[in-house]
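Chemist: Contents of start-v9.cif (mmCIF, C-alpha atoms):
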```
data_data
#
loop_
_atom_site.label_atom_id
_atom_site.label_comp_id
_atom_site.auth_asym_id
_atom_site.auth_seq_id
_atom_site.Cartn_x
_atom_site.Cartn_y
_atom_site.Cartn_z
CA MET A 1 -46.28 -79.62 1.02
CA GLU A 2 -46.05 -77.72 -2.28
CA ASN A 3 -49.48 -76.05 -2.09
CA GLU A 4 -49.24 -75.10 1.55
CA SER A 5 -49.48 -71.36 2.02
CA HIS A 6 -52.31 -70.94 4.51
CA TYR A 7 -53.32 -67.88 2.48
CA HIS A 8 -55.92 -66.82 5.01
CA SER A 9 -53.34 -66.73 7.80
CA LYS A 10 -50.76 -64.67 5.91
CA LYS A 11 -50.33 -61.08 7.02
CA ASP A 12 -48.48 -59.87 3.90
CA ARG A 13 -51.40 -60.05 1.44
CA ILE A 14 -52.27 -57.19 -0.93
CA PHE A 15 -55.89 -56.16 -0.48
CA VAL A 16 -55.83 -52.83 -2.31
CA ARG A 17 -53.27 -51.88 -4.97
CA GLY A 18 -51.49 -48.60 -4.61
CA ILE A 19 -52.01 -46.07 -7.36
CA THR A 20 -48.67 -44.37 -7.84
CA GLY A 21 -47.02 -42.12 -10.34
CA SER A 22 -48.89 -40.13 -12.95
CA TYR A 23 -52.45 -41.34 -13.27
CA ASN A 24 -55.13 -40.49 -15.77
CA LEU A 25 -58.15 -42.33 -17.07
CA LYS A 26 -56.73 -42.74 -20.59
CA ASP A 27 -53.57 -44.47 -19.28
CA GLU A 28 -55.59 -46.63 -16.92
CA LEU A 29 -57.94 -47.76 -19.71
CA VAL A 30 -54.94 -48.65 -21.90
CA ARG A 31 -53.45 -50.65 -19.00
CA LEU A 32 -56.73 -52.44 -18.26
CA ARG A 33 -57.43 -53.26 -21.91
CA ALA A 34 -53.98 -54.83 -22.21
CA LEU A 35 -54.77 -57.31 -19.43
CA PRO A 36 -56.31 -60.72 -20.15
CA ARG A 37 -60.11 -60.81 -20.07
CA VAL A 38 -60.18 -64.56 -19.45
CA ARG A 39 -58.13 -66.24 -16.74
CA LYS A 40 -57.65 -69.97 -17.29
CA GLY A 41 -58.60 -71.98 -14.22
CA ARG A 42 -56.06 -74.71 -14.92
CA GLU A 43 -53.31 -72.07 -14.76
CA ILE A 44 -54.28 -70.97 -11.24
CA LYS A 45 -53.35 -73.56 -8.64
CA LEU A 46 -55.30 -74.43 -5.53
CA ILE A 47 -53.34 -73.46 -2.44
CA ASP A 48 -53.57 -74.11 1.31
CA GLY A 49 -55.01 -77.43 2.49
CA PRO A 50 -55.24 -80.14 3.60
CA GLN A 51 -58.88 -79.53 4.62
CA ALA A 52 -59.70 -76.34 2.70
CA TYR A 53 -58.05 -75.15 -0.52
CA SER A 54 -58.41 -71.85 -2.41
CA ARG A 55 -57.96 -70.82 -6.05
CA HIS A 56 -57.92 -67.00 -6.35
CA TYR A 57 -59.16 -65.98 -9.80
CA VAL A 58 -59.42 -62.21 -9.38
CA GLU A 59 -58.03 -60.02 -6.62
CA PRO A 60 -56.47 -56.55 -6.44
CA LYS A 61 -52.85 -57.74 -6.47
CA ASP A 62 -53.38 -59.02 -10.02
CA GLY A 63 -54.09 -55.50 -11.29
CA ILE A 64 -57.28 -56.61 -13.04
CA THR A 65 -59.64 -55.17 -10.43
CA GLN A 66 -59.43 -52.93 -7.41
CA THR A 67 -62.67 -53.56 -5.53
CA PHE A 68 -63.62 -57.17 -6.26
CA HIS A 69 -62.36 -60.59 -5.12
CA LEU A 70 -63.42 -63.90 -6.69
CA HIS A 71 -62.08 -67.26 -5.58
CA LEU A 72 -62.96 -70.93 -5.44
CA GLU A 73 -62.95 -72.88 -2.18
CA GLU A 74 -62.54 -76.65 -2.23
CA TYR A 75 -63.22 -78.50 1.01
CA GLY A 76 -61.66 -81.95 1.21
CA PRO A 77 -63.70 -84.89 2.54
CA GLY A 78 -64.90 -83.88 6.02
CA GLY A 79 -62.88 -80.67 5.69
CA LYS A 80 -63.54 -77.28 7.20
CA SER A 81 -62.28 -73.74 6.81
CA GLN A 82 -60.80 -71.53 9.46
CA LYS A 83 -63.28 -69.92 11.86
CA HIS A 84 -63.16 -66.19 11.26
CA GLY A 85 -65.03 -62.94 10.93
CA HIS A 86 -64.78 -59.85 8.73
CA VAL A 87 -66.65 -56.65 8.05
CA ASN A 88 -67.49 -57.47 4.40
CA GLU A 89 -70.26 -59.70 3.07
CA ALA A 90 -69.55 -62.76 0.94
CA ALA A 91 -71.66 -65.02 -1.28
CA PHE A 92 -70.73 -68.70 -1.65
CA TYR A 93 -72.31 -70.32 -4.71
CA ILE A 94 -72.12 -74.07 -4.04
CA LEU A 95 -70.84 -75.82 -7.17
CA ASP A 96 -70.83 -79.37 -5.86
CA GLY A 97 -71.11 -81.37 -2.67
CA HIS A 98 -73.06 -80.69 0.49
CA GLY A 99 -72.20 -79.22 3.83
CA TYR A 100 -73.05 -76.44 6.21
CA GLU A 101 -72.01 -73.13 7.71
CA ILE A 102 -71.92 -72.07 11.33
CA HIS A 103 -72.68 -68.32 11.56
CA ASP A 104 -72.57 -66.81 15.04
CA GLY A 105 -73.38 -70.24 16.49
CA ILE A 106 -76.27 -71.04 14.09
CA ARG A 107 -76.05 -73.88 11.57
CA TYR A 108 -77.12 -73.41 7.93
CA ASP A 109 -77.09 -76.48 5.62
CA TRP A 110 -76.26 -76.20 1.90
CA LYS A 111 -75.90 -78.36 -1.22
CA ALA A 112 -74.90 -77.88 -4.86
CA GLY A 113 -76.92 -75.08 -6.46
CA ASP A 114 -77.45 -73.16 -3.20
CA VAL A 115 -75.99 -69.79 -2.28
CA ALA A 116 -74.72 -69.25 1.26
CA ILE A 117 -74.56 -65.60 2.33
CA VAL A 118 -72.13 -64.47 5.01
CA HIS A 119 -73.32 -61.20 6.53
CA ASN A 120 -71.15 -58.33 7.74
CA ASN A 121 -69.40 -58.84 11.09
CA CYS A 122 -70.42 -62.49 11.36
CA VAL A 123 -68.08 -65.07 12.92
CA HIS A 124 -68.39 -68.07 10.64
CA GLN A 125 -66.90 -71.35 9.44
CA HIS A 126 -67.58 -73.56 6.40
CA PHE A 127 -67.87 -77.37 6.61
CA ASN A 128 -68.00 -80.21 4.07
CA ALA A 129 -70.50 -82.73 5.52
CA ASP A 130 -69.35 -85.58 3.25
CA SER A 131 -66.54 -87.71 4.68
CA GLU A 132 -65.78 -89.27 1.26
CA LYS A 133 -66.18 -86.56 -1.41
CA PRO A 134 -64.98 -82.95 -1.72
CA ALA A 135 -67.26 -79.90 -1.99
CA ARG A 136 -66.69 -76.66 -3.90
CA ALA A 137 -67.95 -73.11 -3.65
CA LEU A 138 -67.34 -70.06 -5.82
CA VAL A 139 -66.86 -67.09 -3.48
CA ILE A 140 -67.75 -63.56 -4.52
CA LYS A 141 -66.95 -60.64 -2.24
CA THR A 142 -66.20 -56.96 -2.18
CA LYS A 143 -63.67 -57.22 0.63
CA PRO A 144 -61.17 -54.97 -1.19
CA MET A 145 -63.78 -52.18 -1.35
CA PHE A 146 -64.42 -52.42 2.38
CA LEU A 147 -60.69 -52.28 3.07
CA PHE A 148 -60.31 -49.37 0.65
CA MET A 149 -62.89 -47.53 2.79
CA ASN A 150 -60.74 -48.28 5.87
CA MET A 151 -63.23 -50.83 7.25
CA LEU A 152 -60.40 -53.10 8.30
CA PHE A 153 -61.84 -55.58 10.79
CA GLN A 154 -60.94 -59.19 10.15
CA LYS A 155 -60.11 -61.75 12.77
CA THR A 156 -59.19 -65.42 12.70
CA VAL A 157 -60.82 -67.17 15.66
CA GLU A 158 -59.54 -70.66 14.78
CA SER A 159 -56.85 -71.20 12.12
CA ARG A 160 -57.11 -73.71 9.31
CA SER A 161 -55.99 -77.14 10.42
CA SER A 162 -52.71 -78.43 9.08
CA ASP A 163 -53.99 -82.02 9.49
CA PRO A 164 -56.47 -83.74 7.16
CA ALA A 165 -59.97 -84.39 8.47
CA PRO A 166 -60.85 -88.00 9.33
CA GLY A 167 -61.66 -89.61 5.98
CA GLY A 168 -59.70 -86.97 4.10
CA GLU A 169 -56.27 -88.53 4.46
CA GLY A 170 -54.58 -88.69 1.06
CA PHE A 171 -57.06 -86.26 -0.56
CA GLU A 172 -55.48 -84.07 -3.24
CA ALA A 173 -57.12 -80.90 -4.51
CA ARG A 174 -58.45 -81.07 -8.06
CA ASN A 175 -55.69 -79.03 -9.71
CA LEU A 176 -55.12 -81.07 -12.83
CA GLU A 177 -58.62 -81.69 -14.13
CA ASP A 178 -59.35 -80.83 -17.76
CA ASP A 179 -63.15 -80.68 -17.45
CA PHE A 180 -64.46 -78.16 -14.93
CA ASN A 181 -68.07 -79.31 -15.40
CA HIS A 182 -69.10 -80.96 -12.18
CA PRO A 183 -71.32 -84.03 -12.70
CA LYS A 184 -73.83 -85.09 -10.05
#
```
Could I get this file's structure written as structure tokens?
Modeler:
Amino acid sequence: MENESHYHSKKDRIFVRGITGSYNLKDELVRLRALPRVRKGREIKLIDGPQAYSRHYVEPKDGITQTFHLHLEEYGPGGKSQKHGHVNEAAFYILDGHGYEIHDGIRYDWKAGDVAIVHNNCVHQHFNADSEKPARALVIKTKPMFLFMNMLFQKTVESRSSDPAPGGEGFEARNLEDDFNHPK
């Protein structure tokens, strides 16, 4: 599968960029100002799958930011994420669909327009409750800052499934759309 990377299971990710060589604010500002200020969504592919896909817009390895991570999660019909925990908080702004979270054994339902907050040190998992349509969430987190401060705890309790959810067979992530407005 071309998009298969199981990003969240990889151990060789870059969470905090190294600052090497001569460093001064003037050089860093020149470097930052030379970087693109707009990243085109259609140029960043959704990876992982087949139940949960990710599109990473901003993360430290890109050199655009050091302490901030922004990505989109797309859950296929009936799909779910890995079950995991980490020391940092995260906010999931639900763009479309409906589903729920399980945080430390407690269920929290959500729908488009809601924000789901994952608290520090919470074991959690994200679920799309619709067996026919996908759901999307924009995820905002300061995980790189926590890691920079040596707050390293993260654990996968249950990995992402490599099989589609019932009803999600044949689902393909929305990589090629031209209109990112999400109708009701």
Chemist: Check the smallest atom-to-atom distance from each of A:Arg31, A:Arg136, A:Lys80, A:Arg107 to Pro50 in chain A using all atoms listed in the file, then report the winner.
Modeler: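 The answer is A:Lys80, which sits nearest to Pro50 in chain A.
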Chemist: Choose the residue, out of A:Gly85, A:Ala91, A:His124, A:Glu132, that has the smallest atom-to-atom separation from Asp104 in chain A; count only C-alpha atoms.
Modeler: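 Checking each candidate against Asp104 in chain A, we get A:His124 as the closest.
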Chemist: Can you measure CA of His103 in chain A to CA of Asp48 in chain A for me? One decimal in Å is fine.
Modeler: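 Rounded to one decimal, the two atoms are 22.4 Å apart.
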Chemist: Using only C-alpha atoms, which of A:Ser162, A:Ser131, A:Ser54, A:Asn88 sits nearest Val118 in chain A?
Modeler: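 Under the stated criterion, the closest residue is A:Asn88.
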Chemist: Rounded to one decimal, what separation in Å do you get between CA of Gln66 in chain A and CA of Leu138 in chain A?
Modeler: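 Rounded to one decimal, the two atoms are 18.9 Å apart.
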Chemist: CA of Glu177 in chain A to CA of Val115 in chain A: how many Å, to one decimal?
Modeler: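 Result for CA of Glu177 in chain A versus CA of Val115 in chain A: 24.2 Å, one decimal.
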Chemist: Let me make sure I understand: among A:Arg42, A:Arg37, A:Lys133, A:Arg160, which one has the smallest atom-to-atom distance to Val58 in chain A if we use all atoms listed in the file?
Modeler: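 Between A:Arg42, A:Arg37, A:Lys133, A:Arg160, the residue approaching Val58 in chain A most closely is A:Arg37.
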Chemist: Quick one: of A:Ala116, A:Ile64, A:Ala137, A:Leu35, who's nearest to Glu89 in chain A, counting only C-alpha atoms?
Modeler: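 Ranked by minimum distance to Glu89 in chain A, first place goes to A:Ala116.
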Chemist: Applied to this file, what does the PyMOL selection byres ((chain A and resi 112) around 9) return in terms of residues, put as a ChimeraX atom specification?
Modeler: /A:93-98,110-111,113-115,135-137,184
Chemist: What are the centre and the three edge lengths of an axis-aligned box that wraps all atoms of range 56-72 of chain A in the file, given that 4 Å is added to every side, written as lines of an AutoDock Vina configuration file and rounded to one decimal in Å?
Modeler:
```
center_x = -58.2
center_y = -61.9
center_z = -9.1
size_x = 18.8
size_y = 26.0
size_z = 15.9
```
Chemist: Under the rule that only C-alpha atoms are counted, which of A:Val38, A:Ala90, A:His84, A:Arg33 is the nearest residue to Phe68 in chain A?
Modeler: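 Using only C-alpha atoms, Phe68 in chain A sits closest to A:Ala90.
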Chemist: Could you tell me, as a ChimeraX atom specification, which residues have any atom at most 9 Å from (-56.2, -81.9, 7.4), counting all atoms listed in the file?
Modeler: /A:49-52,76,79-80,160-166,168-169
Chemist: Specify as a PyMOL selection string each residue included when the PyMOL selection byres ((chain A and resi 46) around 8) is applied to this file.
Modeler: chain A and resi 3+44-45+47-48+53-56+173-175
Chemist: Dump C-alpha atoms for the selected residues as a PDB file, in the frame of the given file?
Modeler:
```
ATOM      1  CA  ASN A   3     -49.480 -76.050  -2.090  1.00  0.00           C
ATOM      2  CA  ILE A  44     -54.280 -70.970 -11.240  1.00  0.00           C
ATOM      3  CA  LYS A  45     -53.350 -73.560  -8.640  1.00  0.00           C
ATOM      4  CA  ILE A  47     -53.340 -73.460  -2.440  1.00  0.00           C
ATOM      5  CA  ASP A  48     -53.570 -74.110   1.310  1.00  0.00           C
ATOM      6  CA  TYR A  53     -58.050 -75.150  -0.520  1.00  0.00           C
ATOM      7  CA  SER A  54     -58.410 -71.850  -2.410  1.00  0.00           C
ATOM      8  CA  ARG A  55     -57.960 -70.820  -6.050  1.00  0.00           C
ATOM      9  CA  HIS A  56     -57.920 -67.000  -6.350  1.00  0.00           C
ATOM     10  CA  ALA A 173     -57.120 -80.900  -4.510  1.00  0.00           C
ATOM     11  CA  ARG A 174     -58.450 -81.070  -8.060  1.00  0.00           C
ATOM     12  CA  ASN A 175     -55.690 -79.030  -9.710  1.00  0.00           C
TER      13      ASN A 175
END
```
Chemist: May I have the residues within 12 Å of range 121-123 of chain A as a short mmCIF file (atom, residue, chain, number, x, y, z; two decimals) with C-alpha atoms, keeping the file's coordinate frame, using all atoms listed in the file and disregarding those fewer than 2 positions away in the same chain?
Modeler:
```
data_model
loop_
_atom_site.label_atom_id
_atom_site.label_comp_id
_atom_site.auth_asym_id
_atom_site.auth_seq_id
_atom_site.Cartn_x
_atom_site.Cartn_y
_atom_site.Cartn_z
CA GLN A 82 -60.80 -71.53 9.46
CA LYS A 83 -63.28 -69.92 11.86
CA HIS A 84 -63.16 -66.19 11.26
CA GLY A 85 -65.03 -62.94 10.93
CA HIS A 86 -64.78 -59.85 8.73
CA VAL A 87 -66.65 -56.65 8.05
CA ASN A 88 -67.49 -57.47 4.40
CA GLU A 89 -70.26 -59.70 3.07
CA ALA A 90 -69.55 -62.76 0.94
CA GLU A 101 -72.01 -73.13 7.71
CA ILE A 102 -71.92 -72.07 11.33
CA HIS A 103 -72.68 -68.32 11.56
CA ASP A 104 -72.57 -66.81 15.04
CA GLY A 105 -73.38 -70.24 16.49
CA ILE A 106 -76.27 -71.04 14.09
CA ARG A 107 -76.05 -73.88 11.57
CA ILE A 117 -74.56 -65.60 2.33
CA VAL A 118 -72.13 -64.47 5.01
CA HIS A 119 -73.32 -61.20 6.53
CA GLN A 125 -66.90 -71.35 9.44
CA HIS A 126 -67.58 -73.56 6.40
CA PHE A 146 -64.42 -52.42 2.38
CA MET A 151 -63.23 -50.83 7.25
CA LEU A 152 -60.40 -53.10 8.30
CA PHE A 153 -61.84 -55.58 10.79
CA GLN A 154 -60.94 -59.19 10.15
CA LYS A 155 -60.11 -61.75 12.77
CA THR A 156 -59.19 -65.42 12.70
CA VAL A 157 -60.82 -67.17 15.66
CA GLU A 158 -59.54 -70.66 14.78
#
```
